[in-house]
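Engineer: Contents of my_file.cif (mmCIF, C-alpha atoms and all ligand atoms; chains and numbers go by the auth columns) are below:
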data_run
loop_
_atom_site.group_PDB
_atom_site.id
_atom_site.type_symbol
_atom_site.label_atom_id
_atom_site.label_comp_id
_atom_site.label_asym_id
_atom_site.label_seq_id
_atom_site.Cartn_x
_atom_site.Cartn_y
_atom_site.Cartn_z
_atom_site.B_iso_or_equiv
_atom_site.auth_seq_id
_atom_site.auth_asym_id
ATOM 1 C CA MET A 1 52.663 175.269 163.298 0.00 1 I
ATOM 2 C CA ASN A 2 50.080 173.313 161.344 0.00 2 I
ATOM 3 C CA GLY A 3 50.837 170.808 158.611 0.00 3 I
ATOM 4 C CA ARG A 4 49.657 173.007 155.742 0.00 4 I
ATOM 5 C CA LEU A 5 51.817 175.912 156.848 0.00 5 I
ATOM 6 C CA ILE A 6 54.873 173.626 157.161 0.00 6 I
ATOM 7 C CA LYS A 7 54.242 172.287 153.632 0.00 7 I
ATOM 8 C CA TYR A 8 53.812 175.797 152.233 0.00 8 I
ATOM 9 C CA ARG A 9 56.993 177.016 153.915 0.00 9 I
ATOM 10 C CA SER A 10 58.971 174.061 152.622 0.00 10 I
ATOM 11 C CA TYR A 11 57.534 174.659 149.108 0.00 11 I
ATOM 12 C CA LEU A 12 58.643 178.302 149.254 0.00 12 I
ATOM 13 C CA ARG A 13 62.040 177.345 150.652 0.00 13 I
ATOM 14 C CA ASN A 14 62.579 174.912 147.765 0.00 14 I
ATOM 15 C CA LYS A 15 61.605 177.564 145.217 0.00 15 I
ATOM 16 C CA VAL A 16 63.995 180.112 146.719 0.00 16 I
ATOM 17 C CA LEU A 17 66.814 177.556 146.985 0.00 17 I
ATOM 18 C CA ASN A 18 66.318 176.549 143.343 0.00 18 I
ATOM 19 C CA ILE A 19 67.001 180.146 142.330 0.00 19 I
ATOM 20 C CA LEU A 20 69.835 180.806 144.797 0.00 20 I
ATOM 21 C CA SER A 21 71.632 177.540 144.113 0.00 21 I
ATOM 22 C CA TYR A 22 71.710 177.916 140.330 0.00 22 I
ATOM 23 C CA LYS A 23 75.361 177.293 139.318 0.00 23 I
ATOM 24 C CA ALA A 24 76.494 176.772 142.943 0.00 24 I
ATOM 25 C CA THR A 25 79.875 175.024 143.287 0.00 25 I
ATOM 26 C CA PRO A 26 81.459 173.356 146.336 0.00 26 I
ATOM 27 C CA LYS A 27 84.036 175.545 148.106 0.00 27 I
ATOM 28 C CA PRO A 28 87.254 174.335 149.796 0.00 28 I
ATOM 29 C CA GLY A 29 86.857 173.304 153.406 0.00 29 I
ATOM 30 C CA ILE A 30 85.597 170.471 155.570 0.00 30 I
ATOM 31 C CA HIS A 31 81.848 170.166 155.784 0.00 31 I
ATOM 32 C CA ILE A 32 80.068 167.745 158.105 0.00 32 I
ATOM 33 C CA LEU A 33 76.639 167.085 156.632 0.00 33 I
ATOM 34 C CA ASN A 34 74.040 165.887 159.115 0.00 34 I
ATOM 35 C CA GLY A 35 70.807 164.139 158.167 0.00 35 I
ATOM 36 C CA HIS A 36 68.139 162.012 159.811 0.00 36 I
ATOM 37 C CA PHE A 37 66.861 159.458 157.294 0.00 37 I
ATOM 38 C CA LEU A 38 66.975 158.428 153.672 0.00 38 I
ATOM 39 C CA SER A 39 63.654 160.071 152.861 0.00 39 I
ATOM 40 C CA LEU A 40 60.323 160.788 154.521 0.00 40 I
ATOM 41 C CA ASN A 41 58.928 158.495 151.844 0.00 41 I
ATOM 42 C CA ASP A 42 59.334 154.991 153.315 0.00 42 I
ATOM 43 C CA ASN A 43 59.425 153.464 149.819 0.00 43 I
ATOM 44 C CA ALA A 44 62.368 155.546 148.613 0.00 44 I
ATOM 45 C CA SER A 45 65.347 153.625 147.269 0.00 45 I
ATOM 46 C CA PRO A 46 68.906 153.992 148.647 0.00 46 I
ATOM 47 C CA GLU A 47 69.788 154.771 145.034 0.00 47 I
ATOM 48 C CA ILE A 48 68.777 158.417 145.619 0.00 48 I
ATOM 49 C CA PHE A 49 71.564 158.877 148.175 0.00 49 I
ATOM 50 C CA HIS A 50 74.051 156.956 146.036 0.00 50 I
ATOM 51 C CA ASN A 51 73.223 159.226 143.092 0.00 51 I
ATOM 52 C CA LEU A 52 73.697 162.320 145.233 0.00 52 I
ATOM 53 C CA LEU A 53 77.192 161.089 146.169 0.00 53 I
ATOM 54 C CA VAL A 54 77.997 160.332 142.520 0.00 54 I
ATOM 55 C CA ARG A 55 77.021 163.843 141.509 0.00 55 I
ATOM 56 C CA LEU A 56 78.838 165.491 144.429 0.00 56 I
ATOM 57 C CA SER A 57 82.021 163.612 143.555 0.00 57 I
ATOM 58 C CA ARG A 58 81.689 164.655 139.886 0.00 58 I
ATOM 59 C CA LEU A 59 81.706 168.247 141.116 0.00 59 I
ATOM 60 C CA GLY A 60 85.026 167.571 142.822 0.00 60 I
ATOM 61 C CA ALA A 61 83.897 166.923 146.400 0.00 61 I
ATOM 62 C CA GLY A 62 85.838 164.259 148.316 0.00 62 I
ATOM 63 C CA PHE A 63 84.472 162.084 151.115 0.00 63 I
ATOM 64 C CA ILE A 64 86.303 161.504 154.387 0.00 64 I
ATOM 65 C CA ASP A 65 85.532 159.572 157.547 0.00 65 I
ATOM 66 C CA PHE A 66 83.551 161.409 160.196 0.00 66 I
ATOM 67 C CA GLU A 67 86.263 161.106 162.845 0.00 67 I
ATOM 68 C CA ASP A 68 88.933 162.381 160.443 0.00 68 I
ATOM 69 C CA ALA A 69 86.766 165.399 159.736 0.00 69 I
ATOM 70 C CA ALA A 70 86.138 166.041 163.426 0.00 70 I
ATOM 71 C CA GLN A 71 89.828 165.761 164.267 0.00 71 I
ATOM 72 C CA ARG A 72 90.922 167.985 161.396 0.00 72 I
ATOM 73 C CA ILE A 73 88.377 170.630 162.335 0.00 73 I
ATOM 74 C CA LYS A 74 89.450 170.487 165.972 0.00 74 I
ATOM 75 C CA ASN A 75 93.132 170.790 164.970 0.00 75 I
ATOM 76 C CA LYS A 76 92.217 173.504 162.447 0.00 76 I
ATOM 77 C CA THR A 77 93.982 171.693 159.607 0.00 77 I
ATOM 78 C CA PHE A 78 91.695 172.802 156.816 0.00 78 I
ATOM 79 C CA PRO A 79 92.283 171.971 153.145 0.00 79 I
ATOM 80 C CA LYS A 80 93.104 174.924 150.903 0.00 80 I
ATOM 81 C CA ASN A 81 91.933 173.517 147.593 0.00 81 I
ATOM 82 C CA GLU A 82 89.674 170.592 148.414 0.00 82 I
ATOM 83 C CA CYS A 83 86.043 170.324 149.412 0.00 83 I
ATOM 84 C CA LEU A 84 85.878 167.425 151.871 0.00 84 I
ATOM 85 C CA LEU A 85 82.586 166.025 153.101 0.00 85 I
ATOM 86 C CA ALA A 86 81.824 163.825 156.095 0.00 86 I
ATOM 87 C CA PHE A 87 78.435 162.528 157.158 0.00 87 I
ATOM 88 C CA SER A 88 76.413 161.963 160.306 0.00 88 I
ATOM 89 C CA TRP A 89 72.805 161.065 161.052 0.00 89 I
ATOM 90 C CA ASP A 90 70.849 161.931 164.194 0.00 90 I
ATOM 91 C CA ASP A 91 68.056 160.092 166.038 0.00 91 I
ATOM 92 C CA GLY A 92 69.092 156.522 165.178 0.00 92 I
ATOM 93 C CA PHE A 93 66.263 155.539 162.846 0.00 93 I
ATOM 94 C CA GLU A 94 66.208 151.978 161.566 0.00 94 I
ATOM 95 C CA GLU A 95 66.739 153.055 157.972 0.00 95 I
ATOM 96 C CA CYS A 96 70.157 154.393 158.943 0.00 96 I
ATOM 97 C CA PHE A 97 71.077 150.734 159.129 0.00 97 I
ATOM 98 C CA THR A 98 68.862 149.255 156.431 0.00 98 I
ATOM 99 C CA LYS A 99 69.168 151.968 153.752 0.00 99 I
ATOM 100 C CA ILE A 100 71.992 154.402 154.499 0.00 100 I
ATOM 101 C CA LYS A 101 74.673 152.009 155.735 0.00 101 I
ATOM 102 C CA PRO A 102 74.640 149.994 152.459 0.00 102 I
ATOM 103 C CA VAL A 103 75.391 153.192 150.525 0.00 103 I
ATOM 104 C CA VAL A 104 78.187 154.470 152.766 0.00 104 I
ATOM 105 C CA ASP A 105 79.625 150.933 152.690 0.00 105 I
ATOM 106 C CA VAL A 106 79.853 151.055 148.885 0.00 106 I
ATOM 107 C CA TRP A 107 81.703 154.374 149.136 0.00 107 I
ATOM 108 C CA LYS A 108 83.864 153.082 152.009 0.00 108 I
ATOM 109 C CA ILE A 109 82.884 156.062 154.155 0.00 109 I
ATOM 110 C CA LYS A 110 82.802 155.769 157.935 0.00 110 I
ATOM 111 C CA ALA A 111 79.945 157.917 159.232 0.00 111 I
ATOM 112 C CA ALA A 112 78.582 158.840 162.650 0.00 112 I
ATOM 113 C CA PHE A 113 75.192 157.968 164.120 0.00 113 I
ATOM 114 C CA PHE A 114 73.900 159.934 167.109 0.00 114 I
ATOM 115 C CA ILE A 115 71.368 157.937 169.083 0.00 115 I
ATOM 116 C CA ASN A 116 68.895 158.217 171.964 0.00 116 I
ATOM 117 C CA PRO A 117 69.040 155.127 174.231 0.00 117 I
ATOM 118 C CA ASN A 118 65.489 155.587 175.537 0.00 118 I
ATOM 119 C CA PHE A 119 64.094 155.525 171.978 0.00 119 I
ATOM 120 C CA ILE A 120 65.710 152.113 171.523 0.00 120 I
ATOM 121 C CA ASP A 121 64.690 150.742 174.907 0.00 121 I
ATOM 122 C CA GLY A 122 61.287 152.435 175.212 0.00 122 I
ATOM 123 C CA ASP A 123 58.027 150.496 175.303 0.00 123 I
ATOM 124 C CA ASN A 124 55.403 150.969 172.620 0.00 124 I
ATOM 125 C CA ASP A 125 53.827 154.040 174.275 0.00 125 I
ATOM 126 C CA TYR A 126 57.193 155.745 174.718 0.00 126 I
ATOM 127 C CA ARG A 127 58.165 155.085 171.096 0.00 127 I
ATOM 128 C CA GLU A 128 54.838 156.343 169.745 0.00 128 I
ATOM 129 C CA HIS A 129 55.206 159.536 171.808 0.00 129 I
ATOM 130 C CA PHE A 130 58.830 159.946 170.647 0.00 130 I
ATOM 131 C CA LYS A 131 57.894 159.567 166.993 0.00 131 I
ATOM 132 C CA LYS A 132 54.738 161.688 167.058 0.00 132 I
ATOM 133 C CA ASP A 133 55.679 164.492 169.460 0.00 133 I
ATOM 134 C CA ILE A 134 59.486 164.643 169.491 0.00 134 I
ATOM 135 C CA VAL A 135 60.918 163.831 166.067 0.00 135 I
ATOM 136 C CA PHE A 136 57.752 164.127 163.935 0.00 136 I
ATOM 137 C CA THR A 137 58.158 161.019 161.796 0.00 137 I
ATOM 138 C CA ASN A 138 56.735 157.543 161.844 0.00 138 I
ATOM 139 C CA LYS A 139 60.132 155.855 161.695 0.00 139 I
ATOM 140 C CA ASN A 140 61.259 153.202 164.152 0.00 140 I
ATOM 141 C CA PRO A 141 64.634 153.102 165.903 0.00 141 I
ATOM 142 C CA MET A 142 67.573 150.823 165.193 0.00 142 I
ATOM 143 C CA SER A 143 67.993 147.913 167.580 0.00 143 I
ATOM 144 C CA TRP A 144 71.086 147.645 169.792 0.00 144 I
ATOM 145 C CA GLU A 145 72.247 144.785 167.545 0.00 145 I
ATOM 146 C CA MET A 146 72.240 147.154 164.559 0.00 146 I
ATOM 147 C CA VAL A 147 74.061 149.855 166.528 0.00 147 I
ATOM 148 C CA LYS A 148 76.644 147.295 167.653 0.00 148 I
ATOM 149 C CA GLN A 149 77.246 146.196 164.091 0.00 149 I
ATOM 150 C CA LEU A 150 77.768 149.791 162.950 0.00 150 I
ATOM 151 C CA ALA A 151 80.317 150.282 165.731 0.00 151 I
ATOM 152 C CA ALA A 152 82.031 146.969 164.972 0.00 152 I
ATOM 153 C CA GLU A 153 82.413 148.026 161.330 0.00 153 I
ATOM 154 C CA GLY A 154 84.165 151.247 162.289 0.00 154 I
ATOM 155 C CA HIS A 155 81.345 153.761 162.248 0.00 155 I
ATOM 156 C CA THR A 156 81.095 156.234 165.097 0.00 156 I
ATOM 157 C CA ILE A 157 78.267 155.948 167.579 0.00 157 I
ATOM 158 C CA GLY A 158 77.550 159.244 169.310 0.00 158 I
ATOM 159 C CA ALA A 159 75.142 160.311 172.042 0.00 159 I
ATOM 160 C CA HIS A 160 72.112 162.538 171.419 0.00 160 I
ATOM 161 C CA THR A 161 70.709 162.612 175.006 0.00 161 I
ATOM 162 C CA LEU A 162 68.450 159.970 176.520 0.00 162 I
ATOM 163 C CA ASP A 163 65.098 161.435 175.437 0.00 163 I
ATOM 164 C CA HIS A 164 65.812 164.010 172.710 0.00 164 I
ATOM 165 C CA LEU A 165 64.790 167.004 174.822 0.00 165 I
ATOM 166 C CA SER A 166 65.916 170.611 174.408 0.00 166 I
ATOM 167 C CA LEU A 167 68.930 171.411 176.579 0.00 167 I
ATOM 168 C CA ASN A 168 68.192 175.115 176.716 0.00 168 I
ATOM 169 C CA CYS A 169 67.790 175.213 180.482 0.00 169 I
ATOM 170 C CA ASN A 170 69.890 175.734 183.583 0.00 170 I
ATOM 171 C CA GLU A 171 68.799 172.747 185.619 0.00 171 I
ATOM 172 C CA LEU A 172 72.083 170.980 186.265 0.00 172 I
ATOM 173 C CA SER A 173 70.614 167.644 187.382 0.00 173 I
ATOM 174 C CA PHE A 174 68.455 167.427 184.239 0.00 174 I
ATOM 175 C CA LEU A 175 71.387 168.332 181.960 0.00 175 I
ATOM 176 C CA LYS A 176 73.683 165.791 183.607 0.00 176 I
ATOM 177 C CA HIS A 177 71.026 163.090 183.496 0.00 177 I
ATOM 178 C CA GLN A 178 70.375 163.587 179.773 0.00 178 I
ATOM 179 C CA ILE A 179 73.986 164.155 178.690 0.00 179 I
ATOM 180 C CA GLU A 180 76.010 161.869 180.963 0.00 180 I
ATOM 181 C CA GLY A 181 73.167 159.353 181.117 0.00 181 I
ATOM 182 C CA SER A 182 73.192 158.845 177.340 0.00 182 I
ATOM 183 C CA LYS A 183 76.959 158.304 177.337 0.00 183 I
ATOM 184 C CA GLU A 184 76.736 155.720 180.138 0.00 184 I
ATOM 185 C CA ARG A 185 73.877 153.799 178.543 0.00 185 I
ATOM 186 C CA ILE A 186 75.530 153.550 175.130 0.00 186 I
ATOM 187 C CA GLU A 187 78.873 152.599 176.639 0.00 187 I
ATOM 188 C CA ALA A 188 77.212 149.865 178.701 0.00 188 I
ATOM 189 C CA GLN A 189 75.746 148.396 175.512 0.00 189 I
ATOM 190 C CA LEU A 190 78.764 148.749 173.241 0.00 190 I
ATOM 191 C CA GLY A 191 81.624 148.339 175.670 0.00 191 I
ATOM 192 C CA ILE A 192 83.524 151.192 174.043 0.00 192 I
ATOM 193 C CA GLU A 193 84.057 154.827 174.987 0.00 193 I
ATOM 194 C CA VAL A 194 81.571 157.295 173.478 0.00 194 I
ATOM 195 C CA ARG A 195 83.430 160.504 172.621 0.00 195 I
ATOM 196 C CA HIS A 196 80.945 162.385 170.443 0.00 196 I
ATOM 197 C CA PHE A 197 77.754 164.232 171.399 0.00 197 I
ATOM 198 C CA ALA A 198 75.221 166.130 169.291 0.00 198 I
ATOM 199 C CA PHE A 199 72.587 168.088 171.177 0.00 199 I
ATOM 200 C CA PRO A 200 68.956 167.582 170.082 0.00 200 I
ATOM 201 C CA TYR A 201 67.337 169.923 167.530 0.00 201 I
ATOM 202 C CA GLY A 202 70.801 171.351 166.851 0.00 202 I
ATOM 203 C CA ARG A 203 70.075 175.080 166.714 0.00 203 I
ATOM 204 C CA LEU A 204 72.278 177.159 168.999 0.00 204 I
ATOM 205 C CA ARG A 205 69.143 178.273 170.846 0.00 205 I
ATOM 206 C CA HIS A 206 68.476 174.660 171.820 0.00 206 I
ATOM 207 C CA ILE A 207 71.291 174.505 174.388 0.00 207 I
ATOM 208 C CA SER A 208 72.241 176.777 177.281 0.00 208 I
ATOM 209 C CA GLN A 209 75.800 177.775 178.142 0.00 209 I
ATOM 210 C CA LEU A 210 75.522 175.446 181.144 0.00 210 I
ATOM 211 C CA GLY A 211 74.418 172.664 178.774 0.00 211 I
ATOM 212 C CA VAL A 212 77.473 173.291 176.585 0.00 212 I
ATOM 213 C CA ASP A 213 79.703 173.221 179.670 0.00 213 I
ATOM 214 C CA VAL A 214 78.259 169.884 180.871 0.00 214 I
ATOM 215 C CA ALA A 215 78.509 168.419 177.347 0.00 215 I
ATOM 216 C CA CYS A 216 82.109 169.578 176.886 0.00 216 I
ATOM 217 C CA SER A 217 83.195 168.196 180.241 0.00 217 I
ATOM 218 C CA THR A 218 81.614 164.841 179.321 0.00 218 I
ATOM 219 C CA PHE A 219 82.694 164.521 175.670 0.00 219 I
ATOM 220 C CA PRO A 220 85.776 165.705 173.748 0.00 220 I
ATOM 221 C CA TYR A 221 83.579 166.437 170.696 0.00 221 I
ATOM 222 C CA VAL A 222 80.254 168.312 170.797 0.00 222 I
ATOM 223 C CA TYR A 223 78.213 169.237 167.708 0.00 223 I
ATOM 224 C CA SER A 224 75.464 171.616 166.668 0.00 224 I
ATOM 225 C CA GLN A 225 73.503 171.630 163.445 0.00 225 I
ATOM 226 C CA ASP A 226 73.650 175.395 162.937 0.00 226 I
ATOM 227 C CA ASN A 227 75.917 178.355 162.059 0.00 227 I
ATOM 228 C CA TYR A 228 77.458 176.425 159.140 0.00 228 I
ATOM 229 C CA ARG A 229 79.481 179.334 157.705 0.00 229 I
ATOM 230 C CA HIS A 230 81.742 178.952 160.751 0.00 230 I
ATOM 231 C CA TYR A 231 83.514 175.829 161.935 0.00 231 I
ATOM 232 C CA PHE A 232 82.781 176.517 165.612 0.00 232 I
ATOM 233 C CA SER A 233 80.188 177.965 167.951 0.00 233 I
ATOM 234 C CA PHE A 234 80.282 178.772 171.672 0.00 234 I
ATOM 235 C CA GLY A 235 83.825 180.155 171.559 0.00 235 I
ATOM 236 C CA GLY A 236 85.345 177.154 169.807 0.00 236 I
ATOM 237 C CA LYS A 237 83.737 174.521 172.030 0.00 237 I
ATOM 238 C CA VAL A 238 81.085 173.241 169.615 0.00 238 I
ATOM 239 C CA ILE A 239 81.689 171.999 166.045 0.00 239 I
ATOM 240 C CA ASN A 240 79.004 173.049 163.576 0.00 240 I
ATOM 241 C CA ARG A 241 77.418 170.587 161.183 0.00 241 I
ATOM 242 C CA ARG A 242 75.253 171.492 158.207 0.00 242 I
ATOM 243 C CA HIS A 243 71.758 170.028 157.850 0.00 243 I
ATOM 244 C CA PHE A 244 71.007 168.014 154.719 0.00 244 I
ATOM 245 C CA GLU A 245 68.915 164.962 153.880 0.00 245 I
ATOM 246 C CA CYS A 246 69.857 162.118 151.535 0.00 246 I
ATOM 247 C CA ASN A 247 67.020 162.941 149.126 0.00 247 I
ATOM 248 C CA TRP A 248 67.796 166.643 148.680 0.00 248 I
ATOM 249 C CA PRO A 249 68.426 167.929 145.167 0.00 249 I
ATOM 250 C CA LEU A 250 72.139 168.233 144.363 0.00 250 I
ATOM 251 C CA ASN A 251 72.043 172.020 144.025 0.00 251 I
ATOM 252 C CA HIS A 252 70.497 172.471 147.449 0.00 252 I
ATOM 253 C CA VAL A 253 73.309 170.500 149.082 0.00 253 I
ATOM 254 C CA VAL A 254 76.002 172.271 147.051 0.00 254 I
ATOM 255 C CA TYR A 255 74.557 175.670 147.899 0.00 255 I
ATOM 256 C CA PHE A 256 75.508 175.114 151.544 0.00 256 I
ATOM 257 C CA LEU A 257 79.093 174.016 150.790 0.00 257 I
ATOM 258 C CA LYS A 258 80.369 177.547 151.128 0.00 258 I
ATOM 259 C CA ALA A 259 83.702 178.957 152.274 0.00 259 I
ATOM 260 C CA LYS A 260 83.921 178.735 156.048 0.00 260 I
ATOM 261 C CA THR A 261 85.737 180.654 158.743 0.00 261 I
ATOM 262 C CA VAL A 262 86.688 179.692 162.265 0.00 262 I
HETATM 263 ZN ZN ZN B . 67.731 164.737 166.767 0.00 301 I
#
Could you write out this structure as structure tokens?
Ligand SMILES: [Zn+2]

Structural biologist:
Amino acid sequence: MNGRLIKYRSYLRNKVLNILSYKATPKPGIHILNGHFLSLNDNASPEIFHNLLVRLSRLGAGFIDFEDAAQRIKNKTFPKNECLLAFSWDDGFEECFTKIKPVVDVWKIKAAFFINPNFIDGDNDYREHFKKDIVFTNKNPMSWEMVKQLAAEGHTIGAHTLDHLSLNCNELSFLKHQIEGSKERIEAQLGIEVRHFAFPYGRLRHISQLGVDVACSTFPYVYSQDNYRHYFSFGGKVINRRHFECNWPLNHVVYFLKAKTV
């Protein structure tokens, strides 16, 4: 898809969401919101995310730690009258540390960060390829020191494969290398067990049943970024997160906080 078409589609999507989300209100349930960065605009201020949280809380949403949310979803202990939100960010961009962490710190929220070890350790050529061809941004990764500090302060560090490749294949050695390999590399750096895994790109079509099986035998918690009206995909094995970004308009975020079923 070319750049102009992407821009046009996102313009149309925003227009449609503006109409659909008029007077949207958060519904009871636990919603894990998953983003990637503060904003595509590198000069954006963390204030935009802080303001989004202020406005969400004014609408009655409560914020809980990522691991609490994951555990409650797994145990199926859903709130009847509360809308509880937890947050994660994929791909491990530097601004997760420099711009997002300061905001979640103010709110005393423990979040999750799903990272790709080869993006951190890659040489210049690898990083340029990763940014340009894999995640389509110009943003640099966090360093291991930043990741270690997040972990030391109680945030969750999750795995997101080594190279951020689609897992929709049936090649067992490739799946094990990407899934188990990312767990081993992060654990070697942090010295703690990594229990959470989000597969790259996040749509259900981006992982095969064999990929889900390898992921679930490696990690107790596996996440998509799809199918948000239901808590689970793949027969209860995968927990669904909902895509958002920190700079989205309030109504667009609220629109997706709908009633959910198992
Ligand atoms: Zn990703």

Engineer: I:Asn116: which residues within 6 Å, counting only C-alpha atoms, same-chain residues fewer than 2 positions away excluded, as number ranges by chain?

Structural biologist: I: 118-119, 160-162

Engineer: What do you get, as a ChimeraX atom specification, if you spell out every residue that the PyMOL selection byres (((chain I and resi 244) around 12) and not hetatm) selects here?

Structural biologist: /I:31-39,49,52,85-90,225-226,228,241-243,245-257

Engineer: For the interface of chain I with ligand ZN 301 (chain I) (cut-off 7 Å, counting all atoms listed in the file), please tabulate each contacting residue of chain I alongside its nearest pair of atoms and their separation in Å to one decimal, rows sorted by chain and increasing number, as CSV.

Structural biologist:
residue,atom,partner,partner_atom,distance
I:Asp90,CA,I:ZN301,ZN,4.9
I:Asp91,CA,I:ZN301,ZN,4.7
I:Val135,CA,I:ZN301,ZN,6.9
I:His160,CA,I:ZN301,ZN,6.8
I:His164,CA,I:ZN301,ZN,6.3
I:Pro200,CA,I:ZN301,ZN,4.5
I:Tyr201,CA,I:ZN301,ZN,5.3

Engineer: Grab the atom CA of I:Ala70 to atom CA of I:Arg195 distance for me, in Å with one decimal place.

Structural biologist: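 If I compute the distance from atom CA of I:Ala70 to atom CA of I:Arg195, I get 11.1 Å.
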
Engineer: For I:Val212, list every protein, DNA or RNA residue within 9 Å, evaluated using only C-alpha atoms, and leave out those in the same chain fewer than 4 positions away; present the list as a ChimeraX atom specification.

Structural biologist: /I:167,199,207-208,216-217,222,234,237-238

Engineer: Can you pull out every residue within 10 Å of I:Ser57, counting all atoms listed in the file, but drop anything in the same chain fewer than 6 positions away, and send it as a list in words?

Structural biologist: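 Result of the neighbour search: Asn51, Phe63, Cys83, Leu84 and Leu85 of chain I.
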
Engineer: For atom CA of I:Arg205 and atom CA of I:Gly236, quote the distance in Å rounded to one decimal.

Structural biologist: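 Going from atom CA of I:Arg205 over to atom CA of I:Gly236, I get 16.3 Å.
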
Engineer: Let me make sure I understand: among I:His177, I:Lys7, I:Lys258, I:His50, which one has the smallest atom-to-atom distance to I:Thr218 if we use only C-alpha atoms?

Structural biologist: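 With only C-alpha atoms as the atom set, the closest residue is I:His177.
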
Engineer: Measuring atom to atom with only C-alpha atoms, identify which of I:His155, I:Lys80, I:Lys27, I:Arg72 is nearest to I:Ala111.

Structural biologist: I:His155

Engineer: For the atom pair atom CA of I:Ser182 and atom CA of I:Ala159, what is the interatomic distance in Å to one decimal place?

Structural biologist: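 Pair atom CA of I:Ser182 / atom CA of I:Ala159 returns 5.8 Å.
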
Engineer: Give the answer as one residue: which of I:Lys76, I:His230, I:Arg13, I:Lys99 has the shortest atom-to-atom distance to I:Glu47, using only C-alpha atoms?

Structural biologist: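 Nearest candidate to I:Glu47 out of I:Lys76, I:His230, I:Arg13, I:Lys99: I:Lys99.
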